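Okay, final32.csv now, which holds CSV, C-alpha atoms and all ligand atoms:
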chain,number,residue,atom,x,y,z
M,1,MET,CA,-8.9,-20.8,-4.7
M,2,ARG,CA,-10.9,-17.6,-4.7
M,3,THR,CA,-10.3,-14.3,-6.4
M,4,VAL,CA,-10.9,-11.3,-4.2
M,5,ASN,CA,-10.9,-8.2,-6.4
M,6,LYS,CA,-7.5,-8.6,-8.2
M,7,THR,CA,-5.9,-11.1,-5.8
M,8,ARG,CA,-5.9,-14.9,-5.6
M,9,LEU,CA,-6.7,-16.1,-2.1
M,10,SER,CA,-6.2,-19.7,-1.1
M,11,LEU,CA,-5.8,-22.0,1.9
M,12,LEU,CA,-3.5,-25.0,2.2
M,13,GLN,CA,-2.4,-27.4,4.9
M,14,GLY,CA,1.4,-27.5,5.2
M,15,ASP,CA,4.7,-26.1,6.5
M,16,ILE,CA,5.0,-22.3,5.8
M,17,THR,CA,8.8,-22.5,5.7
M,18,ARG,CA,8.5,-24.4,2.3
M,19,GLN,CA,6.4,-21.7,0.6
M,20,ALA,CA,7.9,-19.8,-2.4
M,21,THR,CA,5.8,-16.7,-2.1
M,22,ASP,CA,7.8,-13.4,-2.0
M,23,ALA,CA,7.3,-13.3,1.7
M,24,ILE,CA,6.2,-15.6,4.5
M,25,VAL,CA,4.8,-14.0,7.7
M,26,ASN,CA,6.2,-15.0,11.0
M,27,ALA,CA,4.0,-15.2,14.1
M,28,ALA,CA,6.8,-13.7,16.2
M,29,ASN,CA,6.9,-12.4,19.8
M,30,SER,CA,7.9,-8.9,20.7
M,31,SER,CA,11.5,-9.7,21.4
M,32,LEU,CA,12.0,-10.8,17.7
M,33,MET,CA,14.6,-13.3,19.2
M,34,GLY,CA,12.9,-16.4,17.9
M,35,GLY,CA,10.9,-18.9,19.9
M,36,GLY,CA,8.8,-22.0,19.5
M,37,GLY,CA,6.1,-22.9,17.0
M,38,VAL,CA,6.3,-21.3,13.5
M,39,ASP,CA,8.8,-18.7,14.7
M,40,GLY,CA,11.3,-21.4,15.6
M,41,ALA,CA,10.7,-23.3,12.4
M,42,ILE,CA,11.3,-20.2,10.3
M,43,HIS,CA,14.6,-19.3,12.0
M,44,ARG,CA,15.8,-22.9,11.8
M,45,ALA,CA,15.0,-23.2,8.1
M,46,GLY,CA,16.1,-19.7,7.2
M,47,GLY,CA,19.4,-19.6,9.1
M,48,PRO,CA,21.2,-16.9,11.1
M,49,ALA,CA,20.8,-13.9,8.7
M,50,ILE,CA,17.1,-13.5,9.8
M,51,LEU,CA,18.0,-13.2,13.5
M,52,GLU,CA,20.8,-10.8,12.7
M,53,GLU,CA,18.4,-8.4,11.0
M,54,CYS,CA,15.9,-8.9,13.8
M,55,LYS,CA,18.5,-7.8,16.3
M,56,GLN,CA,19.3,-4.7,14.3
M,57,ILE,CA,15.6,-3.8,14.1
M,58,VAL,CA,15.2,-4.2,17.9
M,59,SER,CA,18.4,-2.1,18.6
M,60,ARG,CA,17.0,0.7,16.4
M,61,GLN,CA,13.4,0.7,17.4
M,62,GLY,CA,13.0,-1.5,20.5
M,63,ARG,CA,10.6,-4.4,20.9
M,64,LEU,CA,7.9,-4.9,18.3
M,65,PRO,CA,4.5,-4.2,19.9
M,66,PRO,CA,1.5,-6.5,19.2
M,67,GLY,CA,-0.3,-5.5,16.0
M,68,GLU,CA,2.8,-4.2,14.2
M,69,ALA,CA,5.0,-5.8,11.5
M,70,VAL,CA,8.6,-5.5,10.1
M,71,ILE,CA,10.4,-7.1,7.2
M,72,THR,CA,13.8,-8.9,7.0
M,73,THR,CA,15.6,-11.1,4.6
M,74,GLY,CA,14.3,-14.7,4.1
M,75,GLY,CA,17.9,-16.0,4.5
M,76,ASN,CA,18.0,-19.5,3.1
M,77,LEU,CA,14.2,-19.8,2.6
M,78,LYS,CA,12.6,-20.0,-0.8
M,79,ALA,CA,10.7,-16.8,0.2
M,80,ARG,CA,13.0,-13.8,-0.3
M,81,HIS,CA,11.6,-12.1,2.8
M,82,VAL,CA,10.1,-12.7,6.2
M,83,ILE,CA,7.5,-10.3,7.6
M,84,HIS,CA,7.5,-10.6,11.4
M,85,THR,CA,4.4,-9.6,13.2
M,86,VAL,CA,3.2,-10.0,16.8
M,87,GLY,CA,-0.3,-11.2,17.4
M,88,PRO,CA,-2.1,-10.7,20.8
M,89,VAL,CA,-1.9,-13.2,23.6
M,90,TRP,CA,-5.5,-14.4,24.3
M,91,HIS,CA,-6.8,-13.1,27.7
M,92,GLY,CA,-10.5,-13.9,27.2
M,93,GLY,CA,-11.2,-11.5,24.3
M,94,HIS,CA,-11.9,-8.3,26.2
M,95,SER,CA,-8.3,-6.9,26.2
M,96,GLY,CA,-8.3,-5.7,22.6
M,97,GLU,CA,-7.4,-9.1,21.2
M,98,PRO,CA,-9.6,-8.8,18.0
M,99,GLU,CA,-8.3,-5.4,17.1
M,100,LEU,CA,-4.7,-6.4,17.7
M,101,LEU,CA,-5.1,-9.6,15.6
M,102,ALA,CA,-6.6,-7.6,12.7
M,103,SER,CA,-3.8,-5.1,12.9
M,104,ALA,CA,-1.2,-7.9,12.8
M,105,TYR,CA,-2.7,-9.1,9.4
M,106,ARG,CA,-3.2,-5.5,8.1
M,107,GLN,CA,0.2,-4.2,9.0
M,108,SER,CA,1.8,-7.3,7.5
M,109,LEU,CA,0.0,-6.7,4.2
M,110,ARG,CA,0.9,-3.0,4.3
M,111,VAL,CA,4.6,-3.9,4.7
M,112,ALA,CA,4.3,-6.3,1.8
M,113,VAL,CA,2.8,-3.7,-0.5
M,114,ALA,CA,5.2,-1.0,0.6
M,115,ASN,CA,8.1,-3.3,-0.4
M,116,GLY,CA,6.6,-4.0,-3.8
M,117,LEU,CA,5.9,-7.7,-3.0
M,118,LYS,CA,3.3,-9.6,-5.0
M,119,SER,CA,2.7,-12.8,-2.9
M,120,VAL,CA,2.5,-13.4,0.8
M,121,SER,CA,1.9,-16.5,2.9
M,122,PHE,CA,0.4,-16.3,6.4
M,123,PRO,CA,0.3,-18.8,9.3
M,124,SER,CA,-2.6,-18.8,11.8
M,125,ILE,CA,-1.3,-16.0,14.0
M,126,SER,CA,-1.8,-16.3,17.8
M,127,THR,CA,-3.6,-19.7,17.7
M,128,GLY,CA,-0.7,-21.7,19.0
M,129,ALA,CA,1.2,-20.7,22.1
M,130,PHE,CA,-0.7,-17.4,22.3
M,131,GLY,CA,-4.0,-19.3,22.8
M,132,TYR,CA,-6.4,-17.5,20.5
M,133,PRO,CA,-9.4,-19.7,19.8
M,134,VAL,CA,-9.0,-20.9,16.2
M,135,ARG,CA,-12.5,-20.2,14.9
M,136,LEU,CA,-12.5,-16.6,16.3
M,137,ALA,CA,-9.0,-16.0,14.9
M,138,ALA,CA,-9.9,-17.5,11.5
M,139,ALA,CA,-12.8,-15.1,11.1
M,140,ILE,CA,-10.7,-12.1,11.9
M,141,ALA,CA,-7.8,-13.3,9.7
M,142,LEU,CA,-10.0,-13.9,6.7
M,143,GLU,CA,-12.2,-10.8,7.1
M,144,THR,CA,-9.2,-8.5,7.5
M,145,VAL,CA,-7.4,-9.9,4.5
M,146,ILE,CA,-10.5,-9.8,2.3
M,147,ASP,CA,-11.2,-6.2,3.4
M,148,PHE,CA,-7.6,-5.2,2.6
M,149,LEU,CA,-7.7,-6.8,-0.8
M,150,HIS,CA,-10.9,-4.9,-1.7
M,151,ARG,CA,-9.0,-1.6,-1.1
M,152,GLU,CA,-5.5,-2.5,-2.4
M,153,GLU,CA,-5.0,-4.2,-5.7
M,154,SER,CA,-1.2,-4.6,-6.1
M,155,LEU,CA,-0.9,-8.1,-4.5
M,156,GLU,CA,-1.3,-11.1,-6.8
M,157,GLU,CA,-1.6,-13.9,-4.2
M,158,VAL,CA,-2.3,-14.4,-0.5
M,159,VAL,CA,-2.0,-17.9,0.9
M,160,PHE,CA,-2.9,-19.2,4.4
M,161,VAL,CA,-0.7,-22.1,5.3
M,162,LEU,CA,-2.3,-24.0,8.1
M,163,PHE,CA,-0.1,-26.5,9.8
M,164,ASP,CA,-2.6,-29.0,11.2
M,165,ALA,CA,-5.7,-30.6,9.7
M,166,ALA,CA,-8.0,-29.2,12.4
M,167,THR,CA,-6.9,-25.6,11.9
M,168,TYR,CA,-7.1,-26.0,8.1
M,169,GLN,CA,-10.7,-27.4,8.4
M,170,ILE,CA,-11.8,-24.5,10.5
M,171,TYR,CA,-10.3,-21.9,8.2
M,172,ALA,CA,-12.0,-23.6,5.2
M,173,GLN,CA,-15.4,-23.5,7.0
M,174,VAL,CA,-15.0,-19.9,7.9
M,175,LEU,CA,-13.9,-18.9,4.4
M,176,GLU,CA,-16.8,-20.8,2.8
M,177,ALA,CA,-19.2,-18.9,5.1
M,178,LEU,CA,-17.6,-15.6,4.2
M,179,LEU,CA,-17.2,-16.2,0.4
M,180,PRO,CA,-19.1,-19.2,-0.8
M,181,GLU,CA,-17.3,-21.0,-3.6
M,182,LYS,CA,-19.4,-21.1,-6.7
M,183,GLY,CA,-20.5,-24.6,-7.7
M,201,LIG,P1,1.5,-17.9,18.3
M,201,LIG,O1,2.6,-17.6,19.4
M,201,LIG,O2,1.2,-16.6,17.5
M,201,LIG,O3,0.3,-18.5,18.8
M,201,LIG,P2,2.6,-20.4,17.2
M,201,LIG,O4,3.7,-20.6,16.3
M,201,LIG,O5,2.6,-21.0,18.6
M,201,LIG,O6,2.3,-18.8,17.2
M,201,LIG,O7,1.3,-21.0,16.5
M,201,LIG,C1,0.6,-20.4,15.4
M,201,LIG,C2,0.2,-21.4,14.4
M,201,LIG,O8,1.3,-21.8,13.6
M,201,LIG,C3,-0.3,-22.7,15.0
M,201,LIG,O9,-1.5,-23.1,14.3
M,201,LIG,C4,0.8,-23.7,14.8
M,201,LIG,O10,0.3,-25.0,14.6
M,201,LIG,C5,1.3,-23.2,13.4
M,201,LIG,N1,2.6,-23.6,13.0
M,201,LIG,C6,3.6,-24.2,13.7
M,201,LIG,N2,4.7,-24.5,12.8
M,201,LIG,C7,4.3,-24.1,11.6
M,201,LIG,C8,4.9,-24.2,10.3
M,201,LIG,N3,6.1,-24.7,10.1
M,201,LIG,N4,4.1,-23.7,9.2
M,201,LIG,C9,2.9,-23.2,9.4
M,201,LIG,N5,2.3,-23.1,10.6
M,201,LIG,C10,3.0,-23.6,11.7

Please express the file's structure as structure tokens.
Amino acid sequence: MRTVNKTRLSLLQGDITRQATDAIVNAANSSLMGGGGVDGAIHRAGGPAILEECKQIVSRQGRLPPGEAVITTGGNLKARHVIHTVGPVWHGGHSGEPELLASAYRQSLRVAVANGLKSVSFPSISTGAFGYPVRLAAAIALETVIDFLHREESLEEVVFVLFDAATYQIYAQVLEALLPEKG
């Protein structure tokens, strides 16, 4: 566990659908209609109320572009809210992927702050079906969150919930390089 300015920042290996933070972030796709990976797991665990709100959002504002974020109920989850964001699909790294991935994290945090939330859990956005190399994605994820927390002090806790051991290890290495834990 680190403290970044006013906020606790931690990594854990596990299933984000079991997190009790005020919100969990969903690595959604632009349709907001659910899918595989963490998206499917969140809709399965949270029940139909989440998809119902997603449909209303899409009927109001259309598909959600990569890099943007919206909030819905958490349905039956322990988390009261789900923040849905869309990361970039990896096309080799020269199609705006780093900027879009940073934006997905930043906009999710902005939505959390705008709704008065105090704690947020993130999965590793874009590193599953969307193919973003994990080490590159971890650097952007952690740098973007740390930079945000230096400028915005209202969040108490941000947690990265990494599903598999390999992804957890890479995030831990990247975080240690960015913010060495004091002995
Ligand atoms: P994307 O389409 O953005 O790549 P995926 O859901 O395919 O999203 O993968 C993103 C990451 O989420 C991957 O590291 C995957 O292992 C992880 N993941 C899958 N299920 C869960 C879960 N229940 N909790 C946390 N992370 C999960």

Selection: 9 Å around range 98-107 of chain M, only C-alpha atoms, excl. self and same-chain fewer than 5 positions, as a list in words: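 That gives Pro66, Gly67, Glu68, Ala69, Val70, Thr85, Val86, Gly87, Pro88, Gly93, Ala112, Phe122, Ile125, Ser126, Leu136, Ala137, Ile140, Ala141, Glu143, Thr144, Val145 and Phe148 of chain M.
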
All file atoms of ligand LIG 201 (chain M) boxed axis-aligned, 5 Å per side, centre plus edges, as lines of an AutoDock Vina configuration file:
center_x = 2.3
center_y = -20.8
center_z = 14.3
size_x = 17.6
size_y = 18.4
size_z = 20.2

With 8 Å as the cut-off and only C-alpha atoms and all ligand atoms counted, what is the closest atom pair between each nearby residue of chain M and ligand LIG 201 (chain M)? Distances in Å to one decimal, ordered by chain and number, as JSON lines.
{"residue": "M:Gly14", "atom": "CA", "partner": "M:LIG201", "partner_atom": "N4", "distance": 6.1}
{"residue": "M:Asp15", "atom": "CA", "partner": "M:LIG201", "partner_atom": "N4", "distance": 3.7}
{"residue": "M:Ile16", "atom": "CA", "partner": "M:LIG201", "partner_atom": "N4", "distance": 3.8}
{"residue": "M:Thr17", "atom": "CA", "partner": "M:LIG201", "partner_atom": "N3", "distance": 5.6}
{"residue": "M:Ala27", "atom": "CA", "partner": "M:LIG201", "partner_atom": "O2", "distance": 4.6}
{"residue": "M:Ala28", "atom": "CA", "partner": "M:LIG201", "partner_atom": "O2", "distance": 6.4}
{"residue": "M:Asn29", "atom": "CA", "partner": "M:LIG201", "partner_atom": "O1", "distance": 6.8}
{"residue": "M:Gly36", "atom": "CA", "partner": "M:LIG201", "partner_atom": "O4", "distance": 6.2}
{"residue": "M:Gly37", "atom": "CA", "partner": "M:LIG201", "partner_atom": "O4", "distance": 3.4}
{"residue": "M:Val38", "atom": "CA", "partner": "M:LIG201", "partner_atom": "N2", "distance": 3.6}
{"residue": "M:Asp39", "atom": "CA", "partner": "M:LIG201", "partner_atom": "O4", "distance": 5.7}
{"residue": "M:Gly40", "atom": "CA", "partner": "M:LIG201", "partner_atom": "O4", "distance": 7.7}
{"residue": "M:Ala41", "atom": "CA", "partner": "M:LIG201", "partner_atom": "N3", "distance": 5.3}
{"residue": "M:Ile42", "atom": "CA", "partner": "M:LIG201", "partner_atom": "N3", "distance": 6.9}
{"residue": "M:Val86", "atom": "CA", "partner": "M:LIG201", "partner_atom": "O2", "distance": 6.9}
{"residue": "M:Gly87", "atom": "CA", "partner": "M:LIG201", "partner_atom": "O2", "distance": 5.6}
{"residue": "M:Pro88", "atom": "CA", "partner": "M:LIG201", "partner_atom": "O2", "distance": 7.5}
{"residue": "M:Val89", "atom": "CA", "partner": "M:LIG201", "partner_atom": "O3", "distance": 7.5}
{"residue": "M:Phe122", "atom": "CA", "partner": "M:LIG201", "partner_atom": "C9", "distance": 7.9}
{"residue": "M:Pro123", "atom": "CA", "partner": "M:LIG201", "partner_atom": "N5", "distance": 4.9}
{"residue": "M:Ser124", "atom": "CA", "partner": "M:LIG201", "partner_atom": "C2", "distance": 4.6}
{"residue": "M:Ile125", "atom": "CA", "partner": "M:LIG201", "partner_atom": "O2", "distance": 4.3}
{"residue": "M:Ser126", "atom": "CA", "partner": "M:LIG201", "partner_atom": "O2", "distance": 3.0}
{"residue": "M:Thr127", "atom": "CA", "partner": "M:LIG201", "partner_atom": "O3", "distance": 4.2}
{"residue": "M:Gly128", "atom": "CA", "partner": "M:LIG201", "partner_atom": "O7", "distance": 3.3}
{"residue": "M:Ala129", "atom": "CA", "partner": "M:LIG201", "partner_atom": "O5", "distance": 3.8}
{"residue": "M:Phe130", "atom": "CA", "partner": "M:LIG201", "partner_atom": "O3", "distance": 3.8}
{"residue": "M:Gly131", "atom": "CA", "partner": "M:LIG201", "partner_atom": "O3", "distance": 5.9}
{"residue": "M:Tyr132", "atom": "CA", "partner": "M:LIG201", "partner_atom": "O3", "distance": 7.0}
{"residue": "M:Val161", "atom": "CA", "partner": "M:LIG201", "partner_atom": "C9", "distance": 5.6}
{"residue": "M:Leu162", "atom": "CA", "partner": "M:LIG201", "partner_atom": "N5", "distance": 5.3}
{"residue": "M:Phe163", "atom": "CA", "partner": "M:LIG201", "partner_atom": "N5", "distance": 4.2}
{"residue": "M:Asp164", "atom": "CA", "partner": "M:LIG201", "partner_atom": "O10", "distance": 6.0}
{"residue": "M:Thr167", "atom": "CA", "partner": "M:LIG201", "partner_atom": "O9", "distance": 6.4}

Separation of CA of Arg63 in chain M from CA of Val82 in chain M in Å: 16.9 Å

Point-to-point distance from CA of Lys118 in chain M to CA of Ala23 in chain M, Å rounded to tenths: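 Those two atoms sit 8.6 Å apart.
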
Among the residues M:Gln61, M:Thr21, M:Ser10, M:Ser154, the one that comes closest to Tyr168 in chain M [using all atoms listed in the file]: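 Closest residue, counting all atoms listed in the file: M:Ser10.
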
Expected answer as a PyMOL selection string: all residues with atoms within 6 Å of (-10.4, -10.0, -0.8), all atoms listed in the file: chain M and resi 4-5+146-147+149-150

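Taking CA of Pro65 in chain M as the reference point, CA of Val159 in chain M is found at 24.3 Å.
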
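By chain and then residue number, the residues within 12 Å of Gln56 in chain M are Ser31, Leu32, Met33, Ala49, Ile50, Leu51, Glu52, Glu53, Cys54, Val58, Ser59, Arg60, Gln61, Gly62, Arg63, Val70, Ile71 and Thr72 of chain M, counting only C-alpha atoms and disregarding those fewer than 2 positions away in sequence.
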
Residue neighbourhood Pro180 in chain M, 12 Å, only C-alpha atoms, exclusion window fewer than 3 positions, as a VMD selection string: chain M and resid 1 to 4 172 to 177 183

Residues of the last selection are to be written out with C-alpha atoms, as a PDB file, in the frame of the given file.
ATOM      1  CA  MET M   1      -8.900 -20.800  -4.700  1.00  0.00           C
ATOM      2  CA  ARG M   2     -10.900 -17.600  -4.700  1.00  0.00           C
ATOM      3  CA  THR M   3     -10.300 -14.300  -6.400  1.00  0.00           C
ATOM      4  CA  VAL M   4     -10.900 -11.300  -4.200  1.00  0.00           C
ATOM      5  CA  ALA M 172     -12.000 -23.600   5.200  1.00  0.00           C
ATOM      6  CA  GLN M 173     -15.400 -23.500   7.000  1.00  0.00           C
ATOM      7  CA  VAL M 174     -15.000 -19.900   7.900  1.00  0.00           C
ATOM      8  CA  LEU M 175     -13.900 -18.900   4.400  1.00  0.00           C
ATOM      9  CA  GLU M 176     -16.800 -20.800   2.800  1.00  0.00           C
ATOM     10  CA  ALA M 177     -19.200 -18.900   5.100  1.00  0.00           C
ATOM     11  CA  GLY M 183     -20.500 -24.600  -7.700  1.00  0.00           C
TER      12      GLY M 183
END
